[in-house]
file structure03.pdb (PDB, C-alpha atoms and all ligand atoms)
ATOM      1  CA  MET A   1      21.918  -2.008 -12.223  1.00  0.00           C
ATOM      2  CA  ALA A   2      20.955  -0.887 -15.749  1.00  0.00           C
ATOM      3  CA  THR A   3      21.259   2.809 -16.527  1.00  0.00           C
ATOM      4  CA  THR A   4      17.462   3.017 -16.863  1.00  0.00           C
ATOM      5  CA  GLU A   5      17.266   1.652 -13.320  1.00  0.00           C
ATOM      6  CA  ARG A   6      19.484   4.249 -11.678  1.00  0.00           C
ATOM      7  CA  ARG A   7      18.712   5.351  -8.155  1.00  0.00           C
ATOM      8  CA  GLY A   8      15.810   7.786  -8.199  1.00  0.00           C
ATOM      9  CA  ASP A   9      14.073  10.233  -5.906  1.00  0.00           C
ATOM     10  CA  ALA A  10      10.543  11.613  -6.040  1.00  0.00           C
ATOM     11  CA  THR A  11      11.430  14.618  -3.864  1.00  0.00           C
ATOM     12  CA  PRO A  12      11.925  17.132  -6.750  1.00  0.00           C
ATOM     13  CA  PHE A  13       8.375  16.333  -7.902  1.00  0.00           C
ATOM     14  CA  LEU A  14       6.686  17.088  -4.563  1.00  0.00           C
ATOM     15  CA  PRO A  15       4.354  20.107  -4.723  1.00  0.00           C
ATOM     16  CA  LYS A  16       4.881  23.209  -2.572  1.00  0.00           C
ATOM     17  CA  ARG A  17       1.271  23.118  -1.408  1.00  0.00           C
ATOM     18  CA  LYS A  18       0.742  20.162   0.891  1.00  0.00           C
ATOM     19  CA  SER A  19      -2.752  18.777   0.336  1.00  0.00           C
ATOM     20  CA  LEU A  20      -3.857  15.353  -0.859  1.00  0.00           C
ATOM     21  CA  LYS A  21      -5.223  16.931  -4.048  1.00  0.00           C
ATOM     22  CA  ALA A  22      -1.964  18.757  -4.780  1.00  0.00           C
ATOM     23  CA  LEU A  23       0.051  15.624  -4.044  1.00  0.00           C
ATOM     24  CA  ARG A  24      -2.139  13.491  -6.280  1.00  0.00           C
ATOM     25  CA  GLU A  25      -1.837  15.960  -9.164  1.00  0.00           C
ATOM     26  CA  ALA A  26       1.932  16.248  -8.770  1.00  0.00           C
ATOM     27  CA  ALA A  27       2.411  12.487  -8.455  1.00  0.00           C
ATOM     28  CA  ALA A  28       0.656  12.051 -11.799  1.00  0.00           C
ATOM     29  CA  ARG A  29       3.690  13.761 -13.368  1.00  0.00           C
ATOM     30  CA  CYS A  30       6.352  12.025 -11.281  1.00  0.00           C
ATOM     31  CA  GLN A  31       9.413  10.732 -13.096  1.00  0.00           C
ATOM     32  CA  GLY A  32      11.379  10.245  -9.917  1.00  0.00           C
ATOM     33  CA  CYS A  33      12.474   6.774 -10.977  1.00  0.00           C
ATOM     34  CA  HIS A  34      12.373   4.626 -14.095  1.00  0.00           C
ATOM     35  CA  LEU A  35       9.066   2.882 -13.225  1.00  0.00           C
ATOM     36  CA  TYR A  36       6.875   5.623 -14.715  1.00  0.00           C
ATOM     37  CA  ALA A  37       8.087   4.794 -18.230  1.00  0.00           C
ATOM     38  CA  ALA A  38       6.464   1.387 -18.706  1.00  0.00           C
ATOM     39  CA  ALA A  39       3.414   1.851 -16.494  1.00  0.00           C
ATOM     40  CA  THR A  40       0.121   3.310 -17.691  1.00  0.00           C
ATOM     41  CA  GLN A  41      -0.267   5.926 -14.982  1.00  0.00           C
ATOM     42  CA  THR A  42       0.490   6.857 -11.389  1.00  0.00           C
ATOM     43  CA  VAL A  43      -1.796   5.127  -8.915  1.00  0.00           C
ATOM     44  CA  PHE A  44      -2.015   7.442  -5.938  1.00  0.00           C
ATOM     45  CA  GLY A  45      -3.630   6.816  -2.541  1.00  0.00           C
ATOM     46  CA  GLU A  46      -7.371   7.147  -2.062  1.00  0.00           C
ATOM     47  CA  GLY A  47      -9.372   8.303   0.898  1.00  0.00           C
ATOM     48  CA  LEU A  48     -10.200  11.292   3.013  1.00  0.00           C
ATOM     49  CA  LYS A  49      -7.776  13.467   4.919  1.00  0.00           C
ATOM     50  CA  ARG A  50      -9.798  12.821   8.071  1.00  0.00           C
ATOM     51  CA  SER A  51      -9.435   9.007   7.783  1.00  0.00           C
ATOM     52  CA  ARG A  52      -8.577   7.547  11.192  1.00  0.00           C
ATOM     53  CA  LEU A  53      -7.311   4.332   9.616  1.00  0.00           C
ATOM     54  CA  ALA A  54      -4.710   4.081   6.865  1.00  0.00           C
ATOM     55  CA  MET A  55      -3.521   1.018   5.015  1.00  0.00           C
ATOM     56  CA  VAL A  56      -0.358   0.787   2.965  1.00  0.00           C
ATOM     57  CA  GLY A  57       0.301  -1.909   0.384  1.00  0.00           C
ATOM     58  CA  GLU A  58       3.201  -2.588  -1.944  1.00  0.00           C
ATOM     59  CA  MET A  59       2.434  -1.337  -5.430  1.00  0.00           C
ATOM     60  CA  PRO A  60      -0.451  -1.189  -7.929  1.00  0.00           C
ATOM     61  CA  GLY A  61      -1.077  -4.371  -9.906  1.00  0.00           C
ATOM     62  CA  ASP A  62      -2.186  -4.863 -13.500  1.00  0.00           C
ATOM     63  CA  ARG A  63      -5.832  -3.851 -12.886  1.00  0.00           C
ATOM     64  CA  GLU A  64      -4.871  -0.914 -10.718  1.00  0.00           C
ATOM     65  CA  ASP A  65      -2.417   0.300 -13.346  1.00  0.00           C
ATOM     66  CA  ARG A  66      -5.146   0.294 -15.997  1.00  0.00           C
ATOM     67  CA  ALA A  67      -7.824   1.766 -13.742  1.00  0.00           C
ATOM     68  CA  GLY A  68      -5.574   4.314 -12.024  1.00  0.00           C
ATOM     69  CA  ARG A  69      -6.991   3.289  -8.648  1.00  0.00           C
ATOM     70  CA  ALA A  70      -5.470   1.430  -5.710  1.00  0.00           C
ATOM     71  CA  PHE A  71      -6.698  -2.016  -4.645  1.00  0.00           C
ATOM     72  CA  VAL A  72      -9.365  -2.544  -7.313  1.00  0.00           C
ATOM     73  CA  GLY A  73      -8.038  -5.904  -8.572  1.00  0.00           C
ATOM     74  CA  PRO A  74      -8.370  -9.400  -7.070  1.00  0.00           C
ATOM     75  CA  ALA A  75      -6.286  -8.535  -3.984  1.00  0.00           C
ATOM     76  CA  GLY A  76      -8.419  -5.435  -3.511  1.00  0.00           C
ATOM     77  CA  ARG A  77     -11.540  -7.594  -3.522  1.00  0.00           C
ATOM     78  CA  GLU A  78     -10.040  -9.719  -0.743  1.00  0.00           C
ATOM     79  CA  LEU A  79      -9.307  -6.557   1.204  1.00  0.00           C
ATOM     80  CA  ASP A  80     -12.864  -5.290   0.655  1.00  0.00           C
ATOM     81  CA  LYS A  81     -14.332  -8.605   1.880  1.00  0.00           C
ATOM     82  CA  ALA A  82     -12.203  -8.551   5.027  1.00  0.00           C
ATOM     83  CA  LEU A  83     -13.036  -4.904   5.731  1.00  0.00           C
ATOM     84  CA  GLU A  84     -16.722  -5.644   5.349  1.00  0.00           C
ATOM     85  CA  ARG A  85     -16.473  -8.591   7.745  1.00  0.00           C
ATOM     86  CA  VAL A  86     -14.866  -6.452  10.454  1.00  0.00           C
ATOM     87  CA  GLY A  87     -17.354  -3.624   9.984  1.00  0.00           C
ATOM     88  CA  ILE A  88     -15.089  -1.020   8.382  1.00  0.00           C
ATOM     89  CA  ALA A  89     -16.327   0.938   5.375  1.00  0.00           C
ATOM     90  CA  ARG A  90     -13.649   1.235   2.713  1.00  0.00           C
ATOM     91  CA  ALA A  91     -14.622   4.886   2.316  1.00  0.00           C
ATOM     92  CA  ASP A  92     -13.393   5.437   5.879  1.00  0.00           C
ATOM     93  CA  VAL A  93      -9.906   4.121   5.106  1.00  0.00           C
ATOM     94  CA  TYR A  94      -7.035   5.945   3.450  1.00  0.00           C
ATOM     95  CA  ILE A  95      -5.546   3.287   1.157  1.00  0.00           C
ATOM     96  CA  THR A  96      -2.253   3.673  -0.625  1.00  0.00           C
ATOM     97  CA  ASN A  97       0.947   1.921  -1.702  1.00  0.00           C
ATOM     98  CA  VAL A  98       4.639   2.508  -1.076  1.00  0.00           C
ATOM     99  CA  VAL A  99       5.333   2.470  -4.829  1.00  0.00           C
ATOM    100  CA  LYS A 100       2.945   4.360  -7.101  1.00  0.00           C
ATOM    101  CA  HIS A 101       3.759   2.830 -10.486  1.00  0.00           C
ATOM    102  CA  PHE A 102       3.224  -0.785 -11.554  1.00  0.00           C
ATOM    103  CA  LYS A 103       6.425  -2.785 -12.067  1.00  0.00           C
ATOM    104  CA  PHE A 104       6.043  -5.773 -14.317  1.00  0.00           C
ATOM    105  CA  GLU A 105       7.669  -8.126 -16.776  1.00  0.00           C
ATOM    106  CA  GLU A 106       5.930  -8.881 -20.078  1.00  0.00           C
ATOM    107  CA  ARG A 107       5.334 -12.547 -20.853  1.00  0.00           C
ATOM    108  CA  GLY A 108       3.421 -12.754 -24.094  1.00  0.00           C
ATOM    109  CA  LYS A 109       0.314 -10.662 -23.589  1.00  0.00           C
ATOM    110  CA  ARG A 110       0.523 -10.924 -19.800  1.00  0.00           C
ATOM    111  CA  ARG A 111       2.144  -8.413 -17.494  1.00  0.00           C
ATOM    112  CA  ILE A 112       3.610 -10.234 -14.528  1.00  0.00           C
ATOM    113  CA  HIS A 113       4.058  -8.361 -11.248  1.00  0.00           C
ATOM    114  CA  GLN A 114       7.622  -7.846 -10.118  1.00  0.00           C
ATOM    115  CA  THR A 115       8.468  -7.000  -6.544  1.00  0.00           C
ATOM    116  CA  PRO A 116       9.961  -3.511  -6.398  1.00  0.00           C
ATOM    117  CA  LYS A 117      13.589  -3.312  -5.359  1.00  0.00           C
ATOM    118  CA  LYS A 118      14.708  -1.307  -2.353  1.00  0.00           C
ATOM    119  CA  PHE A 119      16.061   1.558  -4.484  1.00  0.00           C
ATOM    120  CA  GLU A 120      12.672   1.832  -6.210  1.00  0.00           C
ATOM    121  CA  VAL A 121      10.834   1.833  -2.891  1.00  0.00           C
ATOM    122  CA  ASP A 122      13.216   4.462  -1.509  1.00  0.00           C
ATOM    123  CA  ALA A 123      12.711   6.647  -4.586  1.00  0.00           C
ATOM    124  CA  CYS A 124       8.929   6.636  -4.133  1.00  0.00           C
ATOM    125  CA  LEU A 125       8.818   6.934  -0.350  1.00  0.00           C
ATOM    126  CA  PRO A 126       8.578  10.771  -0.285  1.00  0.00           C
ATOM    127  CA  TRP A 127       4.994  10.485  -1.606  1.00  0.00           C
ATOM    128  CA  LEU A 128       3.943   8.105   1.145  1.00  0.00           C
ATOM    129  CA  ARG A 129       5.614  10.182   3.835  1.00  0.00           C
ATOM    130  CA  GLU A 130       3.674  13.246   2.652  1.00  0.00           C
ATOM    131  CA  GLU A 131       0.414  11.293   2.542  1.00  0.00           C
ATOM    132  CA  LEU A 132       0.886  10.065   6.112  1.00  0.00           C
ATOM    133  CA  ALA A 133       1.884  13.555   7.308  1.00  0.00           C
ATOM    134  CA  ILE A 134      -1.387  14.951   5.946  1.00  0.00           C
ATOM    135  CA  VAL A 135      -3.746  12.145   6.988  1.00  0.00           C
ATOM    136  CA  ARG A 136      -2.065  11.468  10.361  1.00  0.00           C
ATOM    137  CA  PRO A 137      -3.920   8.167  10.858  1.00  0.00           C
ATOM    138  CA  GLU A 138      -4.605   6.915  14.360  1.00  0.00           C
ATOM    139  CA  VAL A 139      -4.199   3.329  13.212  1.00  0.00           C
ATOM    140  CA  LEU A 140      -1.804   2.349  10.444  1.00  0.00           C
ATOM    141  CA  VAL A 141      -1.942  -1.145   8.935  1.00  0.00           C
ATOM    142  CA  LEU A 142       0.984  -2.184   6.761  1.00  0.00           C
ATOM    143  CA  LEU A 143      -0.006  -4.781   4.194  1.00  0.00           C
ATOM    144  CA  GLY A 144       2.901  -7.067   3.370  1.00  0.00           C
ATOM    145  CA  ALA A 145       6.636  -7.145   3.907  1.00  0.00           C
ATOM    146  CA  THR A 146       7.503  -4.533   1.257  1.00  0.00           C
ATOM    147  CA  ALA A 147       5.347  -1.884   2.925  1.00  0.00           C
ATOM    148  CA  ALA A 148       6.481  -2.870   6.413  1.00  0.00           C
ATOM    149  CA  LYS A 149      10.180  -2.872   5.565  1.00  0.00           C
ATOM    150  CA  ALA A 150       9.865   0.416   3.676  1.00  0.00           C
ATOM    151  CA  LEU A 151       8.540   2.192   6.747  1.00  0.00           C
ATOM    152  CA  LEU A 152      10.019   0.183   9.603  1.00  0.00           C
ATOM    153  CA  GLY A 153      13.417  -0.812   8.225  1.00  0.00           C
ATOM    154  CA  SER A 154      14.813  -3.787   6.370  1.00  0.00           C
ATOM    155  CA  SER A 155      15.356  -5.790   9.559  1.00  0.00           C
ATOM    156  CA  PHE A 156      11.578  -5.959  10.122  1.00  0.00           C
ATOM    157  CA  ARG A 157      10.288  -9.546  10.064  1.00  0.00           C
ATOM    158  CA  LEU A 158       6.604  -9.845   9.191  1.00  0.00           C
ATOM    159  CA  THR A 159       6.264 -13.460  10.297  1.00  0.00           C
ATOM    160  CA  ALA A 160       7.386 -12.549  13.834  1.00  0.00           C
ATOM    161  CA  ALA A 161       5.464  -9.282  14.169  1.00  0.00           C
ATOM    162  CA  ARG A 162       2.277  -9.991  12.222  1.00  0.00           C
ATOM    163  CA  GLY A 163      -0.917  -8.735  13.865  1.00  0.00           C
ATOM    164  CA  ARG A 164       0.865  -7.270  16.888  1.00  0.00           C
ATOM    165  CA  PRO A 165       1.246  -3.623  17.903  1.00  0.00           C
ATOM    166  CA  ILE A 166       4.541  -2.213  16.603  1.00  0.00           C
ATOM    167  CA  GLU A 167       6.464   0.517  18.386  1.00  0.00           C
ATOM    168  CA  SER A 168       6.720   3.364  15.854  1.00  0.00           C
ATOM    169  CA  ASP A 169       6.197   7.105  15.600  1.00  0.00           C
ATOM    170  CA  LEU A 170       4.340   6.658  12.284  1.00  0.00           C
ATOM    171  CA  ALA A 171       0.986   6.553  14.100  1.00  0.00           C
ATOM    172  CA  PRO A 172      -0.364   5.960  17.631  1.00  0.00           C
ATOM    173  CA  HIS A 173      -1.063   2.340  16.667  1.00  0.00           C
ATOM    174  CA  VAL A 174       0.908   0.575  13.961  1.00  0.00           C
ATOM    175  CA  THR A 175       0.489  -3.035  12.941  1.00  0.00           C
ATOM    176  CA  ALA A 176       1.405  -5.233   9.981  1.00  0.00           C
ATOM    177  CA  THR A 177      -0.167  -8.184   8.259  1.00  0.00           C
ATOM    178  CA  VAL A 178       0.232  -9.915   4.923  1.00  0.00           C
ATOM    179  CA  HIS A 179      -0.683  -8.289   1.642  1.00  0.00           C
ATOM    180  CA  PRO A 180      -4.149  -9.598   0.637  1.00  0.00           C
ATOM    181  CA  SER A 181      -2.565 -11.090  -2.506  1.00  0.00           C
ATOM    182  CA  ALA A 182      -1.127 -13.756  -0.154  1.00  0.00           C
ATOM    183  CA  ILE A 183      -4.680 -15.145   0.098  1.00  0.00           C
ATOM    184  CA  LEU A 184      -4.809 -15.524  -3.685  1.00  0.00           C
ATOM    185  CA  ARG A 185      -1.462 -17.324  -3.748  1.00  0.00           C
ATOM    186  CA  ALA A 186      -2.587 -20.017  -1.278  1.00  0.00           C
ATOM    187  CA  PRO A 187      -2.084 -23.449  -2.869  1.00  0.00           C
ATOM    188  CA  ASP A 188      -5.609 -24.820  -2.318  1.00  0.00           C
ATOM    189  CA  ASP A 189      -9.076 -23.931  -1.021  1.00  0.00           C
ATOM    190  CA  ALA A 190      -8.343 -24.963   2.563  1.00  0.00           C
ATOM    191  CA  ALA A 191      -5.165 -22.890   2.725  1.00  0.00           C
ATOM    192  CA  ARG A 192      -6.939 -19.976   1.069  1.00  0.00           C
ATOM    193  CA  HIS A 193      -9.744 -20.125   3.612  1.00  0.00           C
ATOM    194  CA  ALA A 194      -7.264 -20.269   6.514  1.00  0.00           C
ATOM    195  CA  GLU A 195      -5.248 -17.337   5.145  1.00  0.00           C
ATOM    196  CA  ARG A 196      -8.428 -15.337   4.611  1.00  0.00           C
ATOM    197  CA  GLU A 197      -9.537 -15.952   8.206  1.00  0.00           C
ATOM    198  CA  ARG A 198      -6.145 -14.979   9.585  1.00  0.00           C
ATOM    199  CA  PHE A 199      -6.019 -11.812   7.521  1.00  0.00           C
ATOM    200  CA  THR A 200      -9.531 -10.894   8.664  1.00  0.00           C
ATOM    201  CA  ASP A 201      -8.547 -11.522  12.301  1.00  0.00           C
ATOM    202  CA  ASP A 202      -5.599  -9.145  11.901  1.00  0.00           C
ATOM    203  CA  LEU A 203      -7.891  -6.435  10.535  1.00  0.00           C
ATOM    204  CA  ARG A 204     -10.415  -7.139  13.294  1.00  0.00           C
ATOM    205  CA  ARG A 205      -7.758  -6.422  15.932  1.00  0.00           C
ATOM    206  CA  ALA A 206      -6.983  -3.123  14.225  1.00  0.00           C
ATOM    207  CA  ALA A 207     -10.722  -2.329  14.060  1.00  0.00           C
ATOM    208  CA  HIS A 208     -11.046  -2.955  17.811  1.00  0.00           C
ATOM    209  CA  VAL A 209      -8.117  -0.649  18.571  1.00  0.00           C
ATOM    210  CA  LEU A 210      -9.763   2.045  16.469  1.00  0.00           C
ATOM    211  CA  ALA A 211     -13.158   1.548  18.132  1.00  0.00           C
ATOM    212  CA  ASP A 212     -11.543   1.821  21.588  1.00  0.00           C
ATOM    213  CA  ARG A 213      -9.875   5.125  20.796  1.00  0.00           C
ATOM    214  CA  PRO A 214     -11.810   8.341  21.454  1.00  0.00           C
ATOM    215  CA  PRO A 215     -12.623  10.107  18.159  1.00  0.00           C
ATOM    216  CA  ARG A 216     -10.190  12.969  17.529  1.00  0.00           C
TER
HETATM  217  S1  LIG B   1       7.351   4.755  -8.827  1.00  0.00           S
HETATM  218 FE1  LIG B   1       7.206   6.545  -7.499  1.00  0.00          FE
HETATM  219  S2  LIG B   1       9.181   7.630  -7.668  1.00  0.00           S
HETATM  220 FE2  LIG B   1       9.023   6.176  -9.393  1.00  0.00          FE
HETATM  221  S3  LIG B   1       8.156   7.447 -11.033  1.00  0.00           S
HETATM  222 FE3  LIG B   1       6.461   6.401 -10.004  1.00  0.00          FE
HETATM  223  S4  LIG B   1       5.694   7.879  -8.510  1.00  0.00           S
HETATM  224 FE4  LIG B   1       7.751   8.558  -9.128  1.00  0.00          FE
END

call {"tool": "encode", "arguments": {"input": "structure03.pdb", "output": "structure tokens", "more": "lines below"}}
Ligand code: SF4
result
Amino acid sequence: MATTERRGDATPFLPKRKSLKALREAAARCQGCHLYAAATQTVFGEGLKRSRLAMVGEMPGDREDRAGRAFVGPAGRELDKALERVGIARADVYITNVVKHFKFEERGKRRIHQTPKKFEVDACLPWLREELAIVRPEVLVLLGATAAKALLGSSFRLTAARGRPIESDLAPHVTATVHPSAILRAPDDAARHAERERFTDDLRRAAHVLADRPPR
């Protein structure tokens, strides 16, 4: 591990006042691990405190890093399409990531996404834990293996548990599916269509659970 990649911890940067606004402002100044140095800005979660549904992805991508907003790039568009198809307004969802700064490798003018390592995820996790403690979603959808392993443990296997209810005290109903970027990585149109349908079906199941729950 390089010295610039030493084990970090966001905890000293957490604000005393626990509100989404205070968290967002404090996270903008986080230097809890080395990832802040190369990224443009912190990309914090978006959504209302009263959101009944929360979704957690891996990390902002290139577009998100530049815009300072979560899920506004190509994967975000896939997520938006799926949400629309299952009748959920994005404004009703609290959307965030386990890691708040973009990790990338420069190749020429391109910035290529790099999967965050466990020590980077662990460093950033205090932000997500605070977000979930404030929002207290009724349904929590984990998007991709990085998010699922971060919150459910490294032994979690997405392929086995995808789309099913997961026993967890994180929320009354917890489920996991792929990150919507998996749709973009499909090798051809047919595979992309199939992956898109499967992802939408997973969100539809979560939408049904939410609809069946009495409003809090
Ligand atoms: S990735 Fe997380 S812990 Fe690391 S600097 Fe950014 S906000 Fe802080």

call {"tool": "residues_near_ligand", "arguments": {"input": "structure03.pdb", "ligand": "ligand LIG 1 (chain B)", "cutoff": "7 Å", "atoms": "all atoms listed in the file", "output": "ChimeraX atom specification"}}
result
/A:8-10,27,30-36,42,99-101,120,123-124

call {"tool": "residues_around", "arguments": {"input": "structure03.pdb", "residues": "Ala211 in chain A", "least_positions_apart": "5", "cutoff": "12 Å", "atoms": "only C-alpha atoms", "output": "list in words"}}
result
Arg52, Leu53, Val86, Gly87, Ile88, Glu138, Val139, Arg204, Arg205, Ala206 and Arg216 of chain A

call {"tool": "atom_distance", "arguments": {"input": "structure03.pdb", "atom1": "CA of Glu131 in chain A", "atom2": "CA of Lys16 in chain A"}}
result
13.7 Å

call {"tool": "atom_distance", "arguments": {"input": "structure03.pdb", "atom1": "CA of Thr177 in chain A", "atom2": "CA of Gly153 in chain A"}}
result
15.5 Å

call {"tool": "closest_atom_pairs", "arguments": {"input": "structure03.pdb", "of": "range 33-108 of chain A", "to": "range 22-26 of chain A", "cutoff": "9 Å", "atoms": "only C-alpha atoms", "output": "JSON lines"}}
result
{"residue": "A:Thr42", "atom": "CA", "partner": "A:Arg24", "partner_atom": "CA", "distance": 8.8}
{"residue": "A:Val43", "atom": "CA", "partner": "A:Arg24", "partner_atom": "CA", "distance": 8.8}
{"residue": "A:Phe44", "atom": "CA", "partner": "A:Arg24", "partner_atom": "CA", "distance": 6.1}
{"residue": "A:Gly45", "atom": "CA", "partner": "A:Arg24", "partner_atom": "CA", "distance": 7.8}
